[in-house]
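One file, input.cif, carrying mmCIF, C-alpha atoms and all ligand atoms:
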```
data_model
loop_
_atom_site.label_atom_id
_atom_site.label_comp_id
_atom_site.auth_asym_id
_atom_site.auth_seq_id
_atom_site.Cartn_x
_atom_site.Cartn_y
_atom_site.Cartn_z
CA MET A 1 40.06 76.71 180.38
CA HIS A 2 42.29 77.86 183.22
CA ILE A 3 45.32 75.90 182.00
CA ARG A 4 46.03 77.48 178.66
CA ARG A 5 48.71 77.32 176.02
CA PHE A 6 51.16 80.07 176.88
CA ASP A 7 51.10 83.29 174.89
CA PRO A 8 47.66 83.22 173.37
CA TRP A 9 48.57 86.39 171.45
CA GLN A 10 51.59 84.73 169.87
CA ASN A 11 53.86 87.70 170.34
CA LYS A 12 56.41 87.52 167.55
CA PHE A 13 59.27 88.26 169.97
CA CYS A 14 58.33 85.48 172.40
CA THR A 15 60.86 82.64 172.31
CA CYS A 16 59.34 80.55 175.09
CA PRO A 17 59.25 76.80 174.55
CA THR A 18 55.81 75.27 174.18
CA LYS A 19 54.23 75.28 177.59
CA TYR A 20 51.02 75.85 179.45
CA SER A 21 50.24 78.73 181.74
CA LEU A 22 48.04 78.90 184.80
CA ASN A 23 47.29 81.93 186.93
CA PRO A 24 45.79 80.58 190.17
CA TYR A 25 44.55 84.07 191.06
CA THR A 26 43.12 86.94 189.06
CA GLY A 27 45.12 90.11 189.64
CA CYS A 28 48.02 90.64 191.98
CA SER A 29 48.36 92.68 195.15
CA HIS A 30 52.11 93.31 194.93
CA GLY A 31 51.35 96.56 193.10
CA CYS A 32 54.51 96.81 190.98
CA VAL A 33 54.73 100.08 189.11
CA TYR A 34 56.03 98.39 185.96
CA CYS A 35 53.39 95.63 185.89
CA TYR A 36 52.05 94.75 182.43
CA GLY A 37 49.03 92.78 183.70
CA SER A 38 47.24 95.97 184.70
CA SER A 39 47.07 97.05 181.06
CA TYR A 40 44.59 94.34 180.12
CA ILE A 41 42.96 93.11 183.33
CA LYS A 42 40.48 95.32 185.14
CA ASP A 43 41.22 96.13 188.80
CA PHE A 44 44.42 94.18 188.42
CA PHE A 45 45.93 95.17 191.75
CA LYS A 46 42.92 93.73 193.56
CA CYS A 47 43.85 90.07 193.87
CA ARG A 48 40.90 87.69 193.87
CA GLU A 49 40.02 84.01 193.73
CA LYS A 50 38.67 82.25 190.65
CA ASN A 51 35.38 80.42 190.87
CA ASN A 52 35.70 76.63 191.12
CA LEU A 53 39.34 76.73 190.10
CA ILE A 54 40.40 73.48 191.75
CA GLU A 55 37.46 71.48 190.34
CA ASN A 56 38.23 72.83 186.89
CA ILE A 57 41.94 72.10 187.17
CA LYS A 58 41.21 68.49 188.12
CA ARG A 59 39.20 68.17 184.91
CA GLU A 60 41.58 70.10 182.69
CA ILE A 61 44.72 68.29 183.84
CA LYS A 62 43.52 65.10 182.18
CA LYS A 63 43.88 66.79 178.80
CA ILE A 64 47.47 67.93 179.37
CA HIS A 65 50.35 66.04 177.80
CA LEU A 66 52.42 64.45 180.55
CA GLN A 67 55.70 65.86 179.30
CA SER A 68 54.35 69.40 179.44
CA VAL A 69 55.57 72.26 181.58
CA ILE A 70 53.00 74.43 183.33
CA SER A 71 54.17 77.91 184.13
CA LEU A 72 52.84 79.38 187.38
CA SER A 73 52.26 82.24 186.71
CA ASN A 74 52.82 84.56 183.82
CA THR A 75 50.27 87.26 184.49
CA SER A 76 50.02 87.36 188.27
CA ASP A 77 52.07 86.11 191.22
CA PRO A 78 50.98 82.61 192.29
CA TYR A 79 51.85 83.45 195.92
CA PRO A 80 49.94 86.60 196.89
CA PRO A 81 49.43 87.06 200.67
CA MET A 82 45.95 85.51 200.46
CA GLU A 83 47.56 82.22 199.41
CA LEU A 84 48.60 81.72 203.03
CA ASP A 85 44.97 81.33 203.94
CA LYS A 86 43.45 80.02 200.69
CA ARG A 87 46.18 77.53 199.70
CA ILE A 88 44.94 77.53 196.10
CA THR A 89 48.39 77.42 194.50
CA ARG A 90 49.34 74.62 196.88
CA LYS A 91 46.27 72.63 195.85
CA CYS A 92 47.21 73.12 192.19
CA LEU A 93 50.73 71.88 192.91
CA GLU A 94 49.33 68.80 194.65
CA ILE A 95 47.32 67.99 191.53
CA PHE A 96 50.31 68.54 189.26
CA LYS A 97 52.47 66.36 191.47
CA GLU A 98 49.92 63.57 191.37
CA HIS A 99 49.96 63.70 187.56
CA GLY A 100 53.74 64.04 187.21
CA ILE A 101 53.47 67.44 185.53
CA LYS A 102 56.57 69.64 185.37
CA VAL A 103 56.19 73.12 186.82
CA LEU A 104 57.99 76.42 186.38
CA ILE A 105 57.21 78.86 189.21
CA ILE A 106 57.73 82.61 188.82
CA THR A 107 57.22 84.60 192.01
CA LYS A 108 58.40 87.41 194.25
CA SER A 109 57.01 85.80 197.38
CA ASP A 110 58.56 83.96 200.29
CA ILE A 111 55.31 81.98 200.66
CA VAL A 112 56.74 79.57 198.07
CA CYS A 113 58.98 78.21 200.87
CA ARG A 114 55.90 76.80 202.58
CA ASP A 115 55.60 74.36 199.67
CA ILE A 116 59.18 73.08 199.73
CA ASP A 117 57.91 69.69 200.94
CA LEU A 118 55.93 69.32 197.68
CA LEU A 119 58.44 70.96 195.38
CA LYS A 120 61.25 68.67 196.52
CA ASP A 121 59.41 65.70 195.07
CA MET A 122 58.46 67.36 191.78
CA GLU A 123 60.18 68.18 188.53
CA VAL A 124 60.21 71.90 189.13
CA ALA A 125 62.22 75.09 188.87
CA VAL A 126 61.55 78.33 190.70
CA THR A 127 62.53 81.71 189.29
CA ILE A 128 62.42 84.68 191.60
CA THR A 129 62.12 88.21 190.27
CA ILE A 130 64.47 90.79 191.73
CA THR A 131 64.76 94.17 190.04
CA THR A 132 66.15 96.56 192.64
CA LEU A 133 67.69 96.67 196.08
CA LYS A 134 67.28 100.45 196.28
CA TYR A 135 63.81 101.38 195.10
CA TYR A 136 61.75 98.32 195.99
CA GLU A 137 59.54 100.22 198.43
CA LYS A 138 58.68 102.60 195.66
CA ILE A 139 58.33 100.32 192.67
CA GLU A 140 57.18 97.03 194.27
CA PRO A 141 55.37 98.50 197.28
CA HIS A 142 53.50 95.44 198.51
CA ALA A 143 55.82 92.63 197.47
CA PRO A 144 58.20 90.92 199.89
CA THR A 145 61.52 92.77 199.96
CA PRO A 146 64.29 91.70 197.59
CA PHE A 147 66.32 90.67 200.64
CA LYS A 148 63.57 88.25 201.62
CA ARG A 149 63.54 86.98 198.04
CA LEU A 150 67.27 86.31 198.21
CA THR A 151 66.66 84.27 201.35
CA VAL A 152 64.01 82.33 199.43
CA LEU A 153 66.54 81.53 196.70
CA GLU A 154 68.99 80.36 199.34
CA LYS A 155 66.43 78.13 201.06
CA LEU A 156 65.17 76.57 197.85
CA SER A 157 68.66 76.02 196.48
CA ARG A 158 69.75 74.42 199.76
CA GLU A 159 66.85 71.99 199.40
CA GLY A 160 68.08 71.00 195.95
CA ILE A 161 65.37 72.88 194.07
CA GLN A 162 66.58 74.44 190.82
CA THR A 163 66.43 78.23 190.95
CA GLY A 164 66.84 81.15 188.61
CA LEU A 165 66.69 84.93 188.73
CA ARG A 166 64.34 87.07 186.68
CA LEU A 167 66.04 90.40 186.29
CA ASP A 168 63.00 91.88 184.75
CA PRO A 169 62.43 94.67 184.02
CA ILE A 170 65.65 96.63 183.76
CA ILE A 171 64.74 100.32 183.57
CA PRO A 172 67.50 102.65 182.42
CA SER A 173 68.35 105.36 184.94
CA ILE A 174 66.33 103.53 187.63
CA ASN A 175 67.87 100.11 188.24
CA ASP A 176 70.39 99.50 185.47
CA ASP A 177 73.24 100.35 187.85
CA GLU A 178 72.20 97.50 190.17
CA ILE A 179 72.57 94.66 187.68
CA GLU A 180 75.93 93.38 188.87
CA GLN A 181 75.06 93.53 192.54
CA ILE A 182 71.78 91.67 192.05
CA ILE A 183 73.33 88.92 189.93
CA ASN A 184 76.19 88.56 192.39
CA LEU A 185 73.85 88.19 195.37
CA ALA A 186 71.53 85.81 193.52
CA LYS A 187 74.49 83.70 192.43
CA SER A 188 75.63 83.48 196.07
CA ALA A 189 72.07 82.40 196.92
CA GLY A 190 72.39 79.44 194.54
CA ILE A 191 70.78 80.39 191.21
CA ARG A 192 71.91 78.72 187.99
CA HIS A 193 70.18 80.90 185.43
CA VAL A 194 69.23 84.52 184.71
CA THR A 195 66.43 85.74 182.46
CA ALA A 196 66.78 89.46 181.78
CA SER A 197 64.50 91.90 180.06
CA THR A 198 64.38 95.64 179.57
CA PHE A 199 61.28 97.60 180.56
CA LYS A 200 58.72 97.79 177.77
CA PRO A 201 56.04 100.00 179.24
CA ARG A 202 52.47 100.13 178.18
CA TRP A 203 50.64 103.36 178.67
CA ASP A 204 49.43 102.73 182.22
CA SER A 205 52.78 101.50 183.59
CA TRP A 206 54.44 104.44 181.84
CA LYS A 207 52.19 106.93 183.63
CA ARG A 208 52.78 105.26 187.00
CA LEU A 209 56.54 105.40 186.49
CA MET A 210 56.43 109.06 185.50
CA ASN A 211 54.46 109.88 188.64
CA LEU A 212 56.92 108.04 190.85
CA PHE A 213 60.09 109.44 189.32
CA PRO A 214 59.26 112.96 188.08
CA GLU A 215 62.95 113.88 188.20
CA ARG A 216 63.72 111.16 185.59
CA LYS A 217 60.80 112.08 183.35
CA ASP A 218 62.75 113.99 180.70
CA ASN A 219 65.45 111.38 180.44
CA LEU A 220 62.99 108.49 180.20
CA LYS A 221 60.84 110.35 177.69
CA ASP A 222 63.88 110.86 175.53
CA LEU A 223 64.89 107.20 175.79
CA TYR A 224 61.46 105.71 175.16
CA LEU A 225 59.29 108.20 173.31
CA ILE A 226 61.87 109.98 171.18
CA ARG A 227 64.71 107.56 170.58
CA GLY A 228 62.75 104.36 171.23
CA LYS A 229 59.82 102.96 169.29
CA LYS A 230 56.37 101.58 169.84
CA LEU A 231 55.87 97.93 168.97
CA GLY A 232 52.31 96.77 169.43
CA ASN A 233 51.12 98.24 172.71
CA SER A 234 54.59 98.51 174.23
CA TYR A 235 57.31 101.14 174.08
CA TYR A 236 60.76 99.71 173.38
CA LEU A 237 64.12 101.34 173.96
CA ASP A 238 66.26 101.87 170.92
CA SER A 239 67.81 98.52 169.99
CA SER A 240 71.41 99.67 170.53
CA LEU A 241 70.64 100.68 174.12
CA ARG A 242 68.76 97.44 174.71
CA GLU A 243 71.69 95.53 173.28
CA SER A 244 74.18 97.26 175.53
CA ILE A 245 72.07 96.54 178.64
CA ILE A 246 71.50 92.92 177.69
CA ALA A 247 75.14 92.40 176.67
CA LYS A 248 76.21 93.60 180.10
CA VAL A 249 73.95 91.02 181.78
CA GLY A 250 75.33 88.34 179.45
CA GLU A 251 78.94 89.19 180.28
CA LEU A 252 78.24 89.08 184.00
CA CYS A 253 76.46 85.75 183.68
CA SER A 254 79.40 84.23 181.87
CA ILE A 255 81.77 85.54 184.54
CA PHE A 256 79.52 84.03 187.22
CA GLY A 257 79.06 80.75 185.31
CA LEU A 258 75.30 81.15 184.89
CA THR A 259 73.11 80.37 181.91
CA PHE A 260 71.47 83.47 180.50
CA SER A 261 68.59 84.44 178.29
CA THR A 262 66.46 87.42 177.39
CA CYS A 263 62.70 87.87 177.26
CA ARG A 264 61.05 89.38 174.19
CA GLU A 265 64.08 91.44 173.18
CA ASN A 266 64.44 90.11 169.65
CA LEU A 267 68.22 89.98 170.14
CA PRO A 268 68.89 86.40 169.04
CA LYS A 269 72.67 86.48 169.48
CA TYR A 270 72.32 87.10 173.22
CA GLY A 271 71.75 84.19 175.54
CA ASN A 272 73.37 80.79 175.98
CA SER A 273 70.68 78.73 177.67
CA LYS A 274 68.39 76.05 176.33
CA SER A 275 65.28 78.00 177.27
CA CYS A 276 64.54 81.70 177.63
CA ASP A 277 62.27 81.23 180.63
CA GLY A 278 64.54 79.01 182.73
CA SER A 279 62.43 75.91 182.14
CA HIS A 280 65.59 74.00 181.13
CA LEU A 281 66.40 74.01 184.85
CA ILE A 282 63.57 71.55 185.36
CA PHE A 283 65.46 68.97 183.37
CA LYS A 284 68.27 68.71 185.89
CA SER A 285 70.80 67.03 183.66
CA SER A 286 70.73 69.85 181.10
CA GLY A 287 72.35 73.20 181.46
S1 LIG B 1 54.36 90.66 191.01
FE1 LIG B 1 54.16 90.58 188.80
S2 LIG B 1 51.96 90.40 188.45
FE2 LIG B 1 52.22 91.10 190.56
S3 LIG B 1 52.05 93.33 190.42
FE3 LIG B 1 54.24 92.76 190.32
S4 LIG B 1 54.69 92.63 188.12
FE4 LIG B 1 52.43 92.57 188.35
#
```
Please express the file's structure as structure tokens.
Ligand code: SF4
Amino acid sequence: MHIRRFDPWQNKFCTCPTKYSLNPYTGCSHGCVYCYGSSYIKDFFKCREKNNLIENIKREIKKIHLQSVISLSNTSDPYPPMELDKRITRKCLEIFKEHGIKVLIITKSDIVCRDIDLLKDMEVAVTITITTLKYYEKIEPHAPTPFKRLTVLEKLSREGIQTGLRLDPIIPSINDDEIEQIINLAKSAGIRHVTASTFKPRWDSWKRLMNLFPERKDNLKDLYLIRGKKLGNSYYLDSSLRESIIAKVGELCSIFGLTFSTCRENLPKYGNSKSCDGSHLIFKSSG
């Protein structure tokens, strides 16, 4: 099955509503240093097509409950550069539209704007990930720039499409001083919701980060390996530091009048939105 129940591992910190997940591509060419997908998918940064995806989706969609939300995508970006030519994500959207399926899109790509004509007639929300305005060339080397992504938010919002920001991941000493600026700019671009999450490296993303920022190595080692703790395969910051980062995002969101949630932080008192992933935006009357 390509359309699967989200979170097959049932992570105990995941608070996502029941939904399905589809990754139209295997792997992702954006090459983000913090990516988690590379820890469990071979050659992850080599984006490739899936065999017979569209035929399979047409079959699988008949088994999906009509009120369901399909999340595009949770492991890889649904709009890698090859989508311009292949149009696989677009074909999936056409099928979902035909069946009245609700869709939550998570992307860093401006290619999503090509599909505005479809999205306008669907029950859909688009969340765009922006993590840094300073280090994007270093940490998201092949993704569209965050400035382009802000333009995407503006365009989509102007077309009446519900939008949110994924401020994910926040890495102390790398991008935690950019939180306010990013939320401010995204708010001006029309978002209604923010999902924030601190960096929870796995071993491979940890090594990539250390190589990119050798001058921050000691500080990050202290924060993650000495004062933090390992939960499953991920390294977590100490909960008081995570709380202070997340609380700051929450305060800013309330100042800006945005709904706010966290992802896999296990900090239940933080967040005021009906969904952690922004899928409440799909149901336009709710907030
Ligand atoms: S866009 Fe997402 S899936 Fe793609 S490399 Fe970056 S973090 Fe990984």
Around ligand LIG 1 (chain B), at most 8 Å away and counting only C-alpha atoms and all ligand atoms, which residues are there? Put them as a list in words, please. Gly27, Cys28, Ser29, His30, Gly31, Cys32, Val33, Tyr34, Cys35, Tyr36, Gly37, Ser38, Phe44, Phe45, Asn74, Thr75, Ser76, Asp77, Thr107, Lys108, Glu140 and Ala143 of chain A
Taking only C-alpha atoms into account, name the residue in A:Pro24, A:Ile41, A:Pro78, A:Met122 that is nearest to Leu53 in chain A. A:Pro24
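Pairwise distance (CA of Ser173 in chain A, CA of Leu225 in chain A) equals 15.0 Å.
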As an MDAnalysis selection string, please: the residues near Asp238 in chain A (cut-off 7 Å, all atoms listed in the file, same-chain neighbours under 5 positions excluded). chainID A and resid 227:229
Output as JSON lines one row per residue of range 69-91 of chain A within 10 Å of range 124-130 of chain A: the closest atom pair and its distance in Å to one decimal place, counting all atoms listed in the file, sorted by chain and residue number ascending.
```
{"residue": "A:Val69", "atom": "CA", "partner": "A:Val124", "partner_atom": "CA", "distance": 8.9}
{"residue": "A:Ile70", "atom": "CA", "partner": "A:Val124", "partner_atom": "CA", "distance": 9.6}
{"residue": "A:Ser71", "atom": "CA", "partner": "A:Ala125", "partner_atom": "CA", "distance": 9.8}
{"residue": "A:Leu72", "atom": "CA", "partner": "A:Val126", "partner_atom": "CA", "distance": 9.4}
```
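Interatomic distance, CA of Met1 in chain A to CA of Ser261 in chain A: 29.6 Å.
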Hey, can you check how far CA of Thr131 in chain A sits from CA of Ile179 in chain A? 8.2 Å
Taking 2 positions as the minimum chain separation for residues in the same chain, which residues sit within 10 Å of Leu66 in chain A when counting only C-alpha atoms? Answer as a PDB file with C-alpha atoms, in the coordinates of the input.
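The resulting file, out-v2.pdb, is reproduced below:
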```
ATOM      1  CA  ILE A  61      44.720  68.290 183.840  1.00  0.00           C
ATOM      2  CA  LYS A  62      43.520  65.100 182.180  1.00  0.00           C
ATOM      3  CA  LYS A  63      43.880  66.790 178.800  1.00  0.00           C
ATOM      4  CA  ILE A  64      47.470  67.930 179.370  1.00  0.00           C
ATOM      5  CA  SER A  68      54.350  69.400 179.440  1.00  0.00           C
ATOM      6  CA  VAL A  69      55.570  72.260 181.580  1.00  0.00           C
ATOM      7  CA  PHE A  96      50.310  68.540 189.260  1.00  0.00           C
ATOM      8  CA  HIS A  99      49.960  63.700 187.560  1.00  0.00           C
ATOM      9  CA  GLY A 100      53.740  64.040 187.210  1.00  0.00           C
ATOM     10  CA  ILE A 101      53.470  67.440 185.530  1.00  0.00           C
ATOM     11  CA  LYS A 102      56.570  69.640 185.370  1.00  0.00           C
TER      12      LYS A 102
END
```
As a JSON list (two decimals) with C-alpha atoms, in the coordinates of the input, please: the residues near range 13-21 of chain A (cut-off 6 Å, all atoms listed in the file, same-chain neighbours under 3 positions excluded).
```json
[["chain", "number", "residue", "atom", "x", "y", "z"],
["A", 3, "ILE", "CA", 45.32, 75.90, 182.00],
["A", 4, "ARG", "CA", 46.03, 77.48, 178.66],
["A", 5, "ARG", "CA", 48.71, 77.32, 176.02],
["A", 6, "PHE", "CA", 51.16, 80.07, 176.88],
["A", 69, "VAL", "CA", 55.57, 72.26, 181.58],
["A", 70, "ILE", "CA", 53.00, 74.43, 183.33],
["A", 71, "SER", "CA", 54.17, 77.91, 184.13],
["A", 264, "ARG", "CA", 61.05, 89.38, 174.19],
["A", 266, "ASN", "CA", 64.44, 90.11, 169.65],
["A", 276, "CYS", "CA", 64.54, 81.70, 177.63]]
```
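If you measure from each of A:Pro214, A:Gly271, A:Pro141, A:Pro172 to Thr195 in chain A using all atoms listed in the file, the closest one turns out to be A:Gly271.
For the choices A:Asn52, A:Thr145, A:Ser109, A:Gln67, the atom-to-atom distance to Glu123 in chain A is smallest for A:Gln67 when using only C-alpha atoms.
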Please provide as a PyMOL selection string all residues within 7 Å of range 243-260 of chain A, with the sequence filter that same-chain residues fewer than 5 positions apart are discarded (counting all atoms listed in the file). chain A and resi 180+192-195+270-273
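Minimum distance to Leu119 in chain A across A:Ile106, A:Ile161, A:Ile88, A:Ile191 (counting all atoms listed in the file) occurs at A:Ile161.
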Hey, what's within 8 Å of Val152 in chain A if we count only C-alpha atoms and toss same-chain stuff fewer than 5 positions away? As a JSON list (two decimals) with C-alpha atoms, in the frame of the given file, please?
```
[["chain", "number", "residue", "atom", "x", "y", "z"],
["A", 110, "ASP", "CA", 58.56, 83.96, 200.29],
["A", 112, "VAL", "CA", 56.74, 79.57, 198.07],
["A", 113, "CYS", "CA", 58.98, 78.21, 200.87]]
```
Write out, as JSON lines, each residue of range 134-174 of chain A that has an atom at most 9 Å from range 183-186 of chain A, together with the closest pair of atoms and their distance in Å to one decimal, counting only C-alpha atoms, rows going by chain and rising number.
```
{"residue": "A:Leu150", "atom": "CA", "partner": "A:Ala186", "partner_atom": "CA", "distance": 6.4}
{"residue": "A:Leu153", "atom": "CA", "partner": "A:Ala186", "partner_atom": "CA", "distance": 7.3}
{"residue": "A:Glu154", "atom": "CA", "partner": "A:Ala186", "partner_atom": "CA", "distance": 8.4}
{"residue": "A:Gly164", "atom": "CA", "partner": "A:Ala186", "partner_atom": "CA", "distance": 8.2}
{"residue": "A:Leu165", "atom": "CA", "partner": "A:Ala186", "partner_atom": "CA", "distance": 6.9}
{"residue": "A:Leu167", "atom": "CA", "partner": "A:Ile183", "partner_atom": "CA", "distance": 8.3}
```
Go ahead and write the residues just picked, C-alpha atoms, as a compact mmCIF listing (two decimals), keeping the file's coordinate frame.
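That gives us part18.txt:
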```
# COMPACT_ATOMS: atom_id res chain seq x y z
CA LEU A 150 67.27 86.31 198.21
CA LEU A 153 66.54 81.53 196.70
CA GLU A 154 68.99 80.36 199.34
CA GLY A 164 66.84 81.15 188.61
CA LEU A 165 66.69 84.93 188.73
CA LEU A 167 66.04 90.40 186.29
```
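Proximity of A:Arg166, A:His142, A:Arg48, A:Lys200 to Met82 in chain A, computed with only C-alpha atoms, is greatest for A:Arg48.
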With all atoms listed in the file as the basis for distance, which of A:Leu223, A:Ile54, A:Leu237, A:Leu133 is at the shortest distance from Lys148 in chain A? A:Leu133
Because some atoms of range 250-272 of chain A are absent here, can you restore N, CA and C atoms and send them as a compact mmCIF listing (two decimals), in the coordinates of the input?
```txt
# COMPACT_ATOMS: atom_id res chain seq x y z
N GLY A 250 74.72 89.56 179.99
CA GLY A 250 75.33 88.34 179.45
C GLY A 250 76.77 88.17 179.90
N GLU A 251 77.52 89.27 179.86
CA GLU A 251 78.94 89.19 180.28
C GLU A 251 79.03 88.79 181.75
N LEU A 252 78.20 89.41 182.57
CA LEU A 252 78.24 89.08 184.00
C LEU A 252 77.86 87.62 184.23
N CYS A 253 76.87 87.15 183.49
CA CYS A 253 76.46 85.75 183.68
C CYS A 253 77.59 84.80 183.28
N SER A 254 78.32 85.15 182.21
CA SER A 254 79.40 84.23 181.87
C SER A 254 80.52 84.29 182.90
N ILE A 255 80.77 85.45 183.47
CA ILE A 255 81.77 85.54 184.54
C ILE A 255 81.33 84.68 185.74
N PHE A 256 80.03 84.75 186.04
CA PHE A 256 79.52 84.03 187.22
C PHE A 256 79.18 82.56 186.92
N GLY A 257 79.34 82.15 185.66
CA GLY A 257 79.06 80.75 185.31
C GLY A 257 77.58 80.42 185.33
N LEU A 258 76.75 81.36 184.90
CA LEU A 258 75.30 81.15 184.89
C LEU A 258 74.80 81.07 183.45
N THR A 259 73.75 80.29 183.22
CA THR A 259 73.11 80.37 181.91
C THR A 259 72.30 81.67 181.88
N PHE A 260 72.03 82.13 180.66
CA PHE A 260 71.47 83.47 180.50
C PHE A 260 70.56 83.53 179.29
N SER A 261 69.47 84.24 179.45
CA SER A 261 68.59 84.44 178.29
C SER A 261 67.86 85.77 178.44
N THR A 262 67.20 86.16 177.37
CA THR A 262 66.46 87.42 177.39
C THR A 262 64.99 87.11 177.14
N CYS A 263 64.14 88.07 177.47
CA CYS A 263 62.70 87.87 177.26
C CYS A 263 62.18 88.94 176.32
N ARG A 264 61.72 88.50 175.18
CA ARG A 264 61.05 89.38 174.19
C ARG A 264 61.90 90.58 173.76
N GLU A 265 63.19 90.35 173.61
CA GLU A 265 64.08 91.44 173.18
C GLU A 265 64.35 91.42 171.68
N ASN A 266 64.11 90.26 171.06
CA ASN A 266 64.44 90.11 169.65
C ASN A 266 65.93 90.39 169.40
N LEU A 267 66.76 89.85 170.28
CA LEU A 267 68.22 89.98 170.14
C LEU A 267 68.79 88.56 170.14
N PRO A 268 68.61 87.84 169.03
CA PRO A 268 68.89 86.40 169.04
C PRO A 268 70.32 86.03 169.41
N LYS A 269 71.30 86.92 169.19
CA LYS A 269 72.67 86.48 169.48
C LYS A 269 72.98 86.52 170.98
N TYR A 270 72.07 87.06 171.78
CA TYR A 270 72.32 87.10 173.22
C TYR A 270 71.59 85.97 173.93
N GLY A 271 72.34 85.29 174.78
CA GLY A 271 71.75 84.19 175.54
C GLY A 271 72.44 82.89 175.20
N ASN A 272 72.67 82.05 176.20
CA ASN A 272 73.37 80.79 175.98
C ASN A 272 72.62 79.62 176.60
```
